[in-house]
Structure formats: C-alpha cells, structure tokens
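This report refers to the structure that appears directly beneath it.
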Amino acid sequence: MSSNHAGANVTRLLSPGTPLIVGRAPAVGLRIDDPTLSREHARFLLSGSRVLVEDLGSKNGLFFAGSRVARAELTIGDELVLGGVALQVQALDAQGGSLGLIREELIRYHVEEELTRARQFRRPFALLLVRVLSQGGAATPEWEDGAWIEAVRGHLRPVDHLALYGSSALEVLLAETGAEEAQRIARAMTAPRAGGGSPLLVGLALYPGSGGTADELFEAAREAAHRASPEHPVESGPAHLPAREQGPEGAIIAGQAMLPLLETVASVGPSRIPVILHGETGAGKEVLAQLIHESGPRKGRRIVRVNCGAIPKDLVESTLFGHERGAFTGALQQQKGVFEEADGGTVFLDEIGELPPAAQASLLRVLEVGAFNRVGSSREIQVDVRIVAATHRDLEAMVEAGTFRSDLYYRLSGVVIEIPPLRERQDELEPLARRFLQAANKANGRRVEGLSPETLALLEAYSWPGNVRELRNVIERAVVVTQGALIGPEDLPARVRTGGRGPEAVASKASAPGAPEPEQAREKVDRFEARMLEEALAATGWNRAEAARKLGMPVRTLSYRLKVLGVKKPQ
C-alpha cells in the first residue's frame, strides 16, 4: 500500500493473511496523522491477487470507484480514499521500487488519448497483451514475485504504459511505435529470461491496421494473444491490410427490437441492391453484413471487409481498386484491389463516411457500370460485386454539408437499415453475456459458471456506449480476473459498476464536513506526467530535443503533451 500525504510518500508491504490497520492511532500498522482519519479507520488484507479492505466504522468513510462503501476488493493500480487521504495498491520489484502498473481503466484512457494524437499526426502505435504460461501451457498467477512484470517493464520507455489484466497477463501501450519496432520489443519480451521463469507470449495489435477504436485494438490484441504459443510466442492481430474476410460467430441472438431488421435482411438478401447499415460503433453492423451475404446467392463466394477509416487517405484507391507496378513510390509490383478479389461476392465497406472525395467518385462508377481502373492503368476491369456499406455518421447531413457525394448516397441507399444500440435491446443482454462467457472460458482455459444476480443487474443498468463489442470485452476481462465460480460486481470495470458515471457524479453526500470527494484519477495522472516532463526539461536546460531523447519520445509528442498539460518554461 502506498500513500502520498503532506508531500511525503509512505509505503507499507502487505503480507498474505496478515491484516494491516490504517488510521491515526500510534499502534496501527500504517499511521497517517490526518484529521480526516479515524484512529482505526480501515483494515487491509492481502488474499491471493486481491486486497480486501473494510471500513472499521470510521467517521469520514471509505471511498472506492466514486462511492462510499463499507468494504471493497482491490487489485494492483486501484486507488481509494480514506477520509481525505488517497491510497493506492502497487506492485513492487525485488528492490522495493514500484513496477509502474496502472489501473486498467487508466490504460484505456491512455489508448483513447493516443488514438487522438495518432489521428492528428498520422502516427502509428501498438497495443500488446503479454501473458505468462506455466510449463503445462495453462495461465499461472505469477504476479506475486513480480519478476516477469519487471522483465516486461525493462523493455519499455517512460512514455509507455502497462496494466495488470487478471493475475497472469499485462496490457501494454507502446506510444508512437510502428510495426517493426513493436515486433522487436515483443520478441525481446518473449526471449528466455536470465534465471529462468515461465515463458511469455505476446499478442500484438497495431493502429491503424488492427483497428480504429480502443475496443477494436484491445480485442485484436487479446485474440492474437490467445493464438500465441511457445512455438510462435508473438502473434499479431488482424493482418496489417485493412481488408479481411469475416466469418459468422454462431447463431444470431435477436430480441424484439431486432426481429424486424432480420425480416428486412431476409427480404434483401437474395437481391443485388446496395444496403446501408446505420448504427453506433459496436452495435453489430458487421454481423448483419455477413448475414446479408449468406442470405443470397453469393454465400459461396467471398465477403471482404474494408474499414475505410483505417486506410491512409493516399492509399484508399490503391486498396480498393489495386495498382500497377510503378504507379507510385513504393509500388514495386502489380497489386489487385479489394473489388477484384471479391469478384462474384460481397464487399463490406465499413465506416464509408470516411471515404475521401476521389475514392467516392471511383466507387460511384463501380456502382453504375460495374467497372474501374487500377491506379496507374487505363485498362478497364469489369467486376460483379454486391456492396454493403456501414456507418455511424449521418450521411444525409454530410450530403447537405458537401462532404459526401449526393449521387453516391442515393445510389448506395437502396435499403437503409437502422440498427438500435444495445441499451435499447435489453432482452439480448443476458444471452449475449452468457455466450461471451462461454467463449472467454474456452479461450482462457477457465471454468467460470455464470453471472451473479448483482452482476447481471449492473450490466442491465449500464448504458453500453460501446455496444456489443464493449460487452464482449467486459465479459472476457471479468472471466480472466474473477476468482470465484460466478462473476461478481467486483470483477467488472469501475465504469460499469458506477453506471458509467465519474466519481464526481456519484460520490456520497453523507461524507463528513471537511472530507473532500475522491480526486479523479485522470487529473492525478496528468499532474504526474506534467511533473515528469518538467523534471526532464529542467535537467536539460529546457532543451526539448535533449529532454525528448531522455524520455524516449519524439520531440513532436513532447511538444504536444506540453501543450495539452499546460506546461510552460518558468520566466
């Protein structure tokens, strides 16, 4: 346990089965002289990979995940507030220093932030899932000694982040890292360690090739980690090309809100008419596209998915329509495009609202005459494809704004299917959760039997902004971290336990006067990062190039973070 009080950092080591009392009394295990604490405020107990904490009838309370609670289960990186004192659970290395693990919620925040930066500067980054295996091939809870975590940390820079995922895996964010460097780091992590130890396996997801959202990248990294083996210790997520074939994921679970949509799909499946699927990210557009393909005469041919938002703008036409050798710098050989590869089948254009104007014109020609030209060629190529498009954007508003061609929209929108979000399909939530639980059990070698009633109530109360994809990720995480036969509320991410509300929205109003509300973790992380940058700059005389080298980050990233955090050179 670690606490920063009155500018001093205080750390106490938790021993398995030995309670630690925190309070103001002289005889407690961790004494903190703060007026908001009771003499014996709370008891902490290390049990397996969890820390159990219980309020001992204190006046100013115990706060976790923004709510006042009587008891809680914590894991590495979790923070809580006793009265007005913040404490954090940390994992230490052999020398007693912090391993630098953060909460899973915070690494998601950092991935979202990196996505914003990557889109702005068109820079790649990588997300890894590192898991440790026993000699028998099953996951083993090796986190107690911290040796493997310390080994992984040794391959990272100060700007990278890692969080514990269950008791035997880590999520690692490699900021501004391309495919070649990410592969090098992953291979170094899986190399045999000095002194032995269980082997490490790595699943690698790259932006933008493996996905364009945080949920897609986490899913790609986890899927790749499941495929990794001692013979192939590093596996990558979906191929770096934005197009890939998709297969069904079992029978569709459809509630009352989805039944009319399935009737429409059955009607349009046998035809050739273009279809637009409109709905929020993660709502199931890809599943419906697959169903449309399989409901018609093309089901024996290929369906090829293209994420239009994940293709660099200068490569969109080459990806869709192919190119000739020498058509542009780097075009070393002739390459077929998606439409040629899918001839006789279906092309699923996901995020079609992201298509640049030139590609919109070429796509319109394919729709009207069934022909196109490869980049760098005047030869016309005829194809027979069905087009299913999907977007979360309002294409009609984009047409009015002049950012999407009206003639292309009218040609595509023969049938528009509106997919309701998961929060409007409550009758599907429990069946979907149980299906994802079974899949996660199989993928992770677990035997979790189901969901507790309290857990199911929390799932039903949450709004699911990431829809079905977010639900799948939440259930898999819970299967990995739970220590019981049933998934309990403590196994869910904080955002689900609190209904998606931040700490400031749900903090107890019953706390005593003078006891501050829990500080938002994001603000604390920003202050820590600002202090780290200031220290590096001060040590180099505010030479940004030298400070960036010392921090292991590009100068562009350092300048961006200084601007975001409001860090300025002292006058």
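Every chain in the structure tokens has a letter given in the order shown (A, B, ...), and although residue numbers restart at 1 in each chain, ligands are simply numbered from 1 in the order shown.
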
- Filtered DSSP result for region 101-230 of chain A, state strand (DSSP E), as number ranges by chain: A: 101-102, 125-132, 161-164, 169-174, 200-207

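Here the DSSP assignment of alpha helix (DSSP H), based on backbone atoms, applies within region 289-394 of chain A to A:Ala289, A:Gln290, A:Leu291, A:Ile292, A:His293, A:Glu294, A:Val316, A:Glu317, A:Ser318, A:Thr319, A:Leu320, A:Phe321, A:Val338, A:Phe339, A:Glu340, A:Glu341, A:Pro357, A:Ala358, A:Ala359, A:Gln360, A:Ala361, A:Ser362, A:Leu363, A:Leu364, A:Arg365, A:Val366, A:Leu367, A:Glu368, A:Val369.
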
- For Leu200 (chain A): contacts at 10 Å, only C-alpha atoms, fewer than 3 positions along chain excluded, given as a ChimeraX atom specification: /A:130-134,148,152,168-169,186-187,189-193,197,228-230,233-234

Okay, now the selection with N, CA, C and O atoms, as a short mmCIF file (atom, residue, chain, number, x, y, z; two decimals), in the first residue's frame?
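Output file selection.cif follows:
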```cif
data_model
loop_
_atom_site.label_atom_id
_atom_site.label_comp_id
_atom_site.auth_asym_id
_atom_site.auth_seq_id
_atom_site.Cartn_x
_atom_site.Cartn_y
_atom_site.Cartn_z
N VAL A 130 0.44 -9.25 -22.99
CA VAL A 130 1.52 -10.17 -22.63
C VAL A 130 0.99 -11.12 -21.57
O VAL A 130 0.50 -10.68 -20.53
N ARG A 131 1.07 -12.42 -21.83
CA ARG A 131 0.59 -13.37 -20.84
C ARG A 131 1.69 -14.37 -20.49
O ARG A 131 2.55 -14.70 -21.32
N VAL A 132 1.66 -14.86 -19.24
CA VAL A 132 2.68 -15.78 -18.76
C VAL A 132 2.07 -17.17 -18.64
O VAL A 132 0.92 -17.32 -18.23
N LEU A 133 2.82 -18.18 -19.03
CA LEU A 133 2.33 -19.55 -19.02
C LEU A 133 3.14 -20.41 -18.06
O LEU A 133 4.32 -20.18 -17.84
N SER A 134 2.46 -21.44 -17.54
CA SER A 134 3.17 -22.47 -16.80
C SER A 134 3.71 -23.48 -17.81
O SER A 134 3.39 -23.43 -18.99
N TRP A 148 8.41 -11.45 -13.72
CA TRP A 148 8.08 -11.36 -15.15
C TRP A 148 7.57 -9.98 -15.51
O TRP A 148 7.82 -9.48 -16.60
N VAL A 152 9.16 -7.39 -18.30
CA VAL A 152 8.42 -6.66 -19.34
C VAL A 152 8.68 -5.16 -19.23
O VAL A 152 8.96 -4.48 -20.22
N SER A 168 -2.27 -12.99 -14.53
CA SER A 168 -1.16 -13.54 -15.30
C SER A 168 -1.04 -12.93 -16.69
O SER A 168 -0.58 -13.58 -17.62
N ALA A 169 -1.45 -11.69 -16.85
CA ALA A 169 -1.32 -11.01 -18.14
C ALA A 169 -1.20 -9.51 -17.92
O ALA A 169 -1.62 -8.97 -16.90
N ALA A 186 8.31 -7.00 -28.81
CA ALA A 186 7.56 -8.20 -28.45
C ALA A 186 8.47 -9.42 -28.44
O ALA A 186 8.40 -10.27 -27.54
N ARG A 187 9.35 -9.53 -29.45
CA ARG A 187 10.27 -10.68 -29.49
C ARG A 187 11.25 -10.64 -28.31
O ARG A 187 11.59 -11.68 -27.74
N MET A 189 10.61 -9.41 -25.37
CA MET A 189 9.86 -9.80 -24.17
C MET A 189 9.73 -11.32 -24.06
O MET A 189 9.72 -11.87 -22.95
N THR A 190 9.62 -12.01 -25.19
CA THR A 190 9.39 -13.45 -25.16
C THR A 190 10.68 -14.25 -25.14
O THR A 190 10.64 -15.48 -25.06
N ALA A 191 11.83 -13.58 -25.21
CA ALA A 191 13.10 -14.29 -25.16
C ALA A 191 13.29 -14.91 -23.77
O ALA A 191 12.78 -14.37 -22.77
N PRO A 192 13.99 -16.05 -23.65
CA PRO A 192 14.22 -16.66 -22.33
C PRO A 192 14.86 -15.66 -21.37
O PRO A 192 15.78 -14.92 -21.73
N ARG A 193 14.37 -15.63 -20.12
CA ARG A 193 14.86 -14.68 -19.14
C ARG A 193 16.01 -15.25 -18.34
O ARG A 193 16.06 -16.46 -18.09
N GLY A 197 12.24 -18.99 -15.52
CA GLY A 197 10.90 -18.41 -15.38
C GLY A 197 9.99 -18.91 -16.47
O GLY A 197 10.43 -19.38 -17.52
N ALA A 228 -1.17 -17.12 -29.66
CA ALA A 228 0.26 -17.29 -29.42
C ALA A 228 0.53 -18.58 -28.68
O ALA A 228 -0.28 -19.05 -27.87
N SER A 229 1.69 -19.19 -28.94
CA SER A 229 2.07 -20.46 -28.34
C SER A 229 3.57 -20.46 -28.13
O SER A 229 4.28 -19.61 -28.67
N PRO A 230 4.10 -21.41 -27.35
CA PRO A 230 5.56 -21.47 -27.18
C PRO A 230 6.30 -21.58 -28.51
O PRO A 230 7.42 -21.07 -28.64
N PRO A 233 5.62 -17.48 -30.18
CA PRO A 233 5.31 -16.66 -29.00
C PRO A 233 4.79 -15.26 -29.28
O PRO A 233 4.22 -14.64 -28.39
N VAL A 234 4.95 -14.77 -30.49
CA VAL A 234 4.43 -13.45 -30.86
C VAL A 234 3.45 -13.62 -32.01
O VAL A 234 3.80 -14.15 -33.06
#
```

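The space separating CA of Ala389 (chain A) from CA of Ala433 (chain A) comes to 27.4 Å.
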
- Asn444 (chain A) surroundings by only C-alpha atoms, 12 Å radius, close-in-sequence under 5 positions cut, as a ChimeraX atom specification: /A:131-133,137-140,166,168-169,222-223,225-228,436-439,476-481

- Task: Fewer than 2 positions away in the same chain doesn't count, so skip those; otherwise give me all residues within 12 Å of Lys299 (chain A), counting only C-alpha atoms, as a ChimeraX atom specification.
- Result: /A:247-248,269-270,289-297,301-303,342,344-346,386

- Item | Polymer residues at most 7 Å from region 204-206 of chain A, only C-alpha atoms, same-chain spacing of 6 or more positions, as a list in words | Phe125, Ala126, Leu127, Leu128, Leu129, Ala179, Leu217, Ala220, Ala221, Ala224, Glu235, Ser236 and Gly237 of chain A
